[in-house]
Structure formats: C-alpha cells, structure tokens
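To start, the structure itself, in structure tokens.
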Amino acid sequence: MNTWLPFRCLPAIVAACLLFLTGGASAAGLRIVTSFYPIYLATLNVARDIPGVEVINMTRPLTGCLHDYQMTPRDLVTLEKADIFVVNGAGMETFLDKAIQQVPRLKLIQASEGIPLLVTAGVVNPHVWVSVTAHMQQVENIAAGLEQLDPDHADLYRKNARAYLAKLDTLRATMRAGLQNVRTRDIITFHEAFPYFAREFGLTVVAVIEREPGSEPNARELAQAITLVKKTGIKAIFAEPQYSAKAADAIARETGTTVYRLDPVVTGPMAPDAYLTIMKANLQTLEKALDTGYQTKQTSNAE
Ligand SMILES: [Zn+2]
C-alpha cells in the first residue's frame, strides 16, 4: 500500500517544483518597470547585465509621449508584478496618482527630481530627457534610486551608470561642436518637445505649430503659421516622426521651406544605445537644415 504513496504524491511534487522554478525565480529577482521609451532606455543602461534584474517598459513601443495617456488593464497587470516603477515625472505621467492608488506597495523613482523645469505655454514642460545634460541628471537619479532600493546591486548600478554617462558626455560634446557655427539658430517645431534641447544647444524655438501633440492645426492656425514662417524668413521647419507631417508639408508648400524630421526620442528600438543613435541623427539633420556651408555660399554670393 505504502509503495503507492510516492506516485499519488507525484503531481503535488511536480506542482511544487514548478512553483519553485517559476514563482520562486521571479520572487528572488527584481522587476523594474518603466513608464515609457526614454525612461526605459536610461533604466536599461543603468540595470543592464545584472543577474536577476529585469527591466520592462509598461507602454507599447509606439505609444510616444504620454500626454493624456490612459492606463490600460494590461498596464495594471504589469505594475502589479513590478517591484520598482521608474517614471519621467515633471507631470508627464498624469496617471501616476491612479497607479499609486491601485498598486500602493510600488516603489517609485522620479527621474526628473531636482531638475529645473521650464514652463512653456503656461504649463510645466515635461520633455526633460530631450536635453542631453538633463537626461544625464535623469540617469544619475535613476541610478541613485536603484542603489537605494536594491542595495545588493548598488556597485553594479553605479558602474553601469558611470559607463553610460561617459557615452552621453561624448554625445553632448559632439553635438555642441556640431551646432556651434550653424548659420541660423532659429527653429520652428511641432509639439512642445524641444525647449530643453534648444536651450542646451543655444537654439531658439521661434514658433511651435501644434501645441497639443497630434492635433492638426485648423485653417486659421495654419494661416497664422504660414504668416509667421514668412515673417521669420526661416527656411527649415521641424516635424516629428511620431506625428503626421500633413500640416508641416502644407506650410512648407506655401512658404518654400523644407520639412525636416527631428526626433524627441519617444519611439524607437528597445536597444541600449538607441538614445545615442537617435540624437546623432538629430545632429546630422540640424547640421544640414541650419547648414554651416550655407553661410560661406551666401557670403561668396554677396561679394
Ligand atoms: Zn510630448
């Protein structure tokens, strides 16, 4: 009779083993969830190659900025499984209070903490990460937060952060050098994503055509934009790859300007070096649009 016992118990043992393997492994590990793309990239760099530490982005890759984002049931499931939630802060995650209310045990890291914020069009501008310098401060904040919440891996977070900050520092130097002698420093953009970027590199955003991301300007706003572009004499306008370029194309047709794409790093590959790659592409776009070579051409024509 007793010989049957192990067989009868087998399913229970198997179940216990599975529980240990699956549940046990994730309970021993650390799950970090990020709110959206740029914060995911920063956190991925700080927490990369650390055994048992996993970085997951809550929103889908093509979500873009989180203005007026509504949390989905799927997001809530992701947050319920998270140990730490890393957000941009500065008002970007308007759903944050709700998220904390729904998952009160969630430990929070606000990447923009302590960074001086710009106010544009009467509201705090949350696009902090578009400035390389401010993004470096975000990386510091994320590293400090992770070191505090997961002290066992503090040395690894610090080491990773230092390596990534060195890359960002090189990027910033390249961009400063590239944008030092451009012909014009005036830019027209769509959506309020670039004030931090512009301030960092000494560019002036003379107009923003779509204040609300994704909202097409109406006929009156389009006419105003056309008048403005003509008045400024600006030859390049910058649309974003995440939004329709319909309005930009219409303005370009009416004013003889060229539409370029400037990427605020809100969508892209989920790869550690993506921020660097996208910013380097932005630099090339700006160098072309605000062309240094143009100046010599102009001068020689005038002489
Ligand atoms: Zn935005």
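Every chain in the structure tokens has a letter given in the order shown (A, B, ...), and although residue numbers restart at 1 in each chain, ligands are simply numbered from 1 in the order shown.
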
Residues within 7 Å of ligand 1 (only C-alpha atoms and all ligand atoms), as a list in words?
Cys65, Leu66, His67, His127, His191, Glu192, Ala193 and Pro213 of chain A

Please identify all polymer residues within 9 Å of A:Pro126, counting only C-alpha atoms, omitting same-chain residues fewer than 3 positions from it, and present them as a ChimeraX atom specification.
/A:88-92,112,117-119,129,193

Can those selected residues be exported to a file as an mmCIF file, in the first residue's frame so that it contains C-alpha atoms?
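Final file, again22.cif:
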data_model
loop_
_atom_site.group_PDB
_atom_site.id
_atom_site.type_symbol
_atom_site.label_atom_id
_atom_site.label_comp_id
_atom_site.auth_asym_id
_atom_site.auth_seq_id
_atom_site.Cartn_x
_atom_site.Cartn_y
_atom_site.Cartn_z
ATOM 1 C CA ASN A 88 9.928 60.664 -16.024
ATOM 2 C CA GLY A 89 7.895 62.797 -13.608
ATOM 3 C CA ALA A 90 7.540 66.564 -14.232
ATOM 4 C CA GLY A 91 3.873 65.929 -14.991
ATOM 5 C CA MET A 92 4.391 63.556 -17.938
ATOM 6 C CA SER A 112 13.310 64.393 -13.203
ATOM 7 C CA LEU A 117 11.812 72.678 -15.155
ATOM 8 C CA LEU A 118 10.828 75.004 -17.994
ATOM 9 C CA VAL A 119 7.354 76.451 -18.324
ATOM 10 C CA TRP A 129 15.094 63.957 -21.460
ATOM 11 C CA ALA A 193 9.130 68.706 -27.194
#

Find the spatial neighbours of A:Pro73, counting only C-alpha atoms, within a cut-off of 12 Å - ignore same-chain residues fewer than 4 positions away - and output them as a list in words.
Met58, Thr59, Val77, Thr78, Leu79, Glu80, Ala99 and Gln102 of chain A

Excluding A:Ala274 and residues on its chain fewer than 6 positions from it, collect all residues at most 9 Å away from it, counting only C-alpha atoms, and give them as a list in words.
Leu41, Val265 and Gly268 of chain A

If we count only C-alpha atoms, what is near stretch 45-49 of chain A at a cut-off of 12 Å, once residues fewer than 5 positions away on the same chain are taken out, given as a PyMOL selection string?
chain A and resi 30-34+38-40+54-56+86+136+138-147+150+153-168+270-276

From a DSSP pass on the backbone, collect the residues of stretch 57-255 of chain A flagged as alpha helix (DSSP H) and hand them back as number ranges by chain.
A: 73-80, 96-102, 132-149, 154-178, 195-200, 219-232, 246-255

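All residues of protein, DNA or RNA that reach within 10 Å of A:Arg172, judged by only C-alpha atoms and not counting those fewer than 6 positions away in the chain, are Ser131, Val132, Thr133, Met136, Ala166, Gly178, Glu200, Phe201, Leu276, Met279 and Lys280 of chain A.
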
Take the selection from the previous step and output its residues with N, CA, C and O atoms, as a CSV table (one decimal), in the first residue's frame.
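Just written: result11.csv:
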chain,number,residue,atom,x,y,z
A,131,SER,N,17.0,67.1,-23.6
A,131,SER,CA,18.3,67.8,-23.3
A,131,SER,C,19.3,66.7,-22.8
A,131,SER,O,18.9,65.9,-21.9
A,132,VAL,N,20.4,66.6,-23.5
A,132,VAL,CA,21.4,65.5,-23.1
A,132,VAL,C,21.8,65.7,-21.6
A,132,VAL,O,21.9,64.8,-20.8
A,133,THR,N,22.1,67.0,-21.3
A,133,THR,CA,22.5,67.3,-19.9
A,133,THR,C,21.5,66.9,-18.9
A,133,THR,O,21.8,66.3,-17.9
A,136,MET,N,21.3,63.2,-18.5
A,136,MET,CA,22.3,62.7,-17.7
A,136,MET,C,22.0,62.8,-16.2
A,136,MET,O,22.2,61.9,-15.4
A,166,ALA,N,29.4,58.4,-19.4
A,166,ALA,CA,30.6,58.8,-20.3
A,166,ALA,C,30.2,58.8,-21.7
A,166,ALA,O,30.6,59.7,-22.5
A,178,GLY,N,29.2,70.3,-33.2
A,178,GLY,CA,28.5,70.3,-34.5
A,178,GLY,C,27.6,71.5,-34.6
A,178,GLY,O,27.4,72.0,-35.7
A,200,GLU,N,19.8,73.9,-24.4
A,200,GLU,CA,21.1,73.3,-24.2
A,200,GLU,C,22.1,73.7,-25.3
A,200,GLU,O,23.2,73.9,-25.1
A,201,PHE,N,21.6,73.7,-26.6
A,201,PHE,CA,22.5,73.9,-27.7
A,201,PHE,C,22.3,75.3,-28.3
A,201,PHE,O,22.8,75.6,-29.4
A,276,LEU,N,21.5,57.4,-28.0
A,276,LEU,CA,22.7,58.0,-28.7
A,276,LEU,C,22.5,58.0,-30.2
A,276,LEU,O,22.8,59.0,-30.8
A,279,MET,N,19.9,60.7,-31.3
A,279,MET,CA,20.4,62.1,-31.1
A,279,MET,C,21.5,62.4,-32.1
A,279,MET,O,21.6,63.5,-32.6
A,280,LYS,N,22.3,61.4,-32.5
A,280,LYS,CA,23.3,61.6,-33.6
A,280,LYS,C,22.6,61.9,-34.9
A,280,LYS,O,23.1,62.8,-35.7

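Proximity of A:Ile188, A:Val205, A:Val182, A:Leu222 to A:Tyr260, computed with only C-alpha atoms, is greatest for A:Ile188.
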
Hey, what does DSSP flag as strand (DSSP E) within stretch 66-301 of chain A? Can you give it to me as a list in words?
Ile84, Phe85, Val86, Val87, Lys107, Leu108, Ile109, Gln110, Val119, Thr120, Val123, Val124, Asp186, Ile187, Ile188, Thr189, Thr204, Val205, Val206, Ala207, Val208, Ala236, Ile237, Phe238, Ala239, Thr258, Val259, Tyr260 and Arg261 of chain A

Test item: residues at most 7 Å from stretch 196-199 of chain A, only C-alpha atoms, excluding those fewer than 3 positions along its chain, as a PyMOL selection string:
chain A and resi 128+130-131+202-205

Create the file for the chosen residues now, containing N, CA, C and O atoms and written as a JSON list (two decimals), in the first residue's frame.
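The new file selection_9.json reads:
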[["chain", "number", "residue", "atom", "x", "y", "z"],
["A", 128, "VAL", "N", 11.97, 66.73, -20.45],
["A", 128, "VAL", "CA", 13.28, 66.93, -19.84],
["A", 128, "VAL", "C", 14.38, 66.14, -20.56],
["A", 128, "VAL", "O", 15.47, 66.64, -20.82],
["A", 130, "VAL", "N", 14.96, 65.35, -23.50],
["A", 130, "VAL", "CA", 15.42, 65.75, -24.83],
["A", 130, "VAL", "C", 16.70, 66.60, -24.73],
["A", 130, "VAL", "O", 17.43, 66.74, -25.70],
["A", 131, "SER", "N", 17.00, 67.13, -23.55],
["A", 131, "SER", "CA", 18.31, 67.76, -23.31],
["A", 131, "SER", "C", 19.26, 66.67, -22.83],
["A", 131, "SER", "O", 18.94, 65.93, -21.89],
["A", 202, "GLY", "N", 21.74, 76.24, -27.52],
["A", 202, "GLY", "CA", 21.67, 77.64, -27.93],
["A", 202, "GLY", "C", 20.82, 77.89, -29.16],
["A", 202, "GLY", "O", 21.11, 78.78, -29.96],
["A", 203, "LEU", "N", 19.77, 77.08, -29.34],
["A", 203, "LEU", "CA", 18.85, 77.30, -30.45],
["A", 203, "LEU", "C", 17.62, 78.05, -29.91],
["A", 203, "LEU", "O", 17.33, 78.00, -28.73],
["A", 204, "THR", "N", 16.90, 78.74, -30.79],
["A", 204, "THR", "CA", 15.71, 79.47, -30.36],
["A", 204, "THR", "C", 14.48, 78.89, -31.05],
["A", 204, "THR", "O", 14.41, 78.86, -32.28],
["A", 205, "VAL", "N", 13.54, 78.42, -30.25],
["A", 205, "VAL", "CA", 12.28, 77.93, -30.83],
["A", 205, "VAL", "C", 11.41, 79.17, -31.05],
["A", 205, "VAL", "O", 10.85, 79.72, -30.11]]

Just how far from atom CA of A:Asp97 is atom CA of A:Asp152, in Å to one decimal?
29.1 Å

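Checking A:Thr43, A:Gln284, A:Ser35, A:Thr267 one by one against A:Thr174, counting only C-alpha atoms, you find the shortest gap at A:Gln284.
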
Please report as CSV every residue of stretch 25-136 of chain A lying within 10 Å of stretch 233-246 of chain A, along with the nearest atom pair and their distance in Å (one decimal), using only C-alpha atoms.
residue,atom,partner,partner_atom,distance
A:Leu62,CA,A:Gln242,CA,8.3
A:Thr63,CA,A:Gln242,CA,9.1
A:Gly64,CA,A:Gln242,CA,6.9
A:Cys65,CA,A:Gln242,CA,9.2

Go ahead and write the residues just picked, N, CA, C and O atoms, as a CSV table (one decimal), in the first residue's frame.
chain,number,residue,atom,x,y,z
A,62,LEU,N,5.3,51.9,-29.6
A,62,LEU,CA,4.8,53.1,-30.4
A,62,LEU,C,3.9,54.1,-29.7
A,62,LEU,O,3.3,54.9,-30.4
A,63,THR,N,3.9,54.0,-28.4
A,63,THR,CA,3.0,54.9,-27.7
A,63,THR,C,3.4,56.4,-27.8
A,63,THR,O,2.6,57.3,-27.9
A,64,GLY,N,4.7,56.6,-27.8
A,64,GLY,CA,5.2,58.0,-27.9
A,64,GLY,C,5.1,58.7,-26.6
A,64,GLY,O,5.2,58.0,-25.5
A,65,CYS,N,4.9,60.0,-26.6
A,65,CYS,CA,4.8,60.8,-25.3
A,65,CYS,C,3.5,60.3,-24.6
A,65,CYS,O,2.6,59.8,-25.2
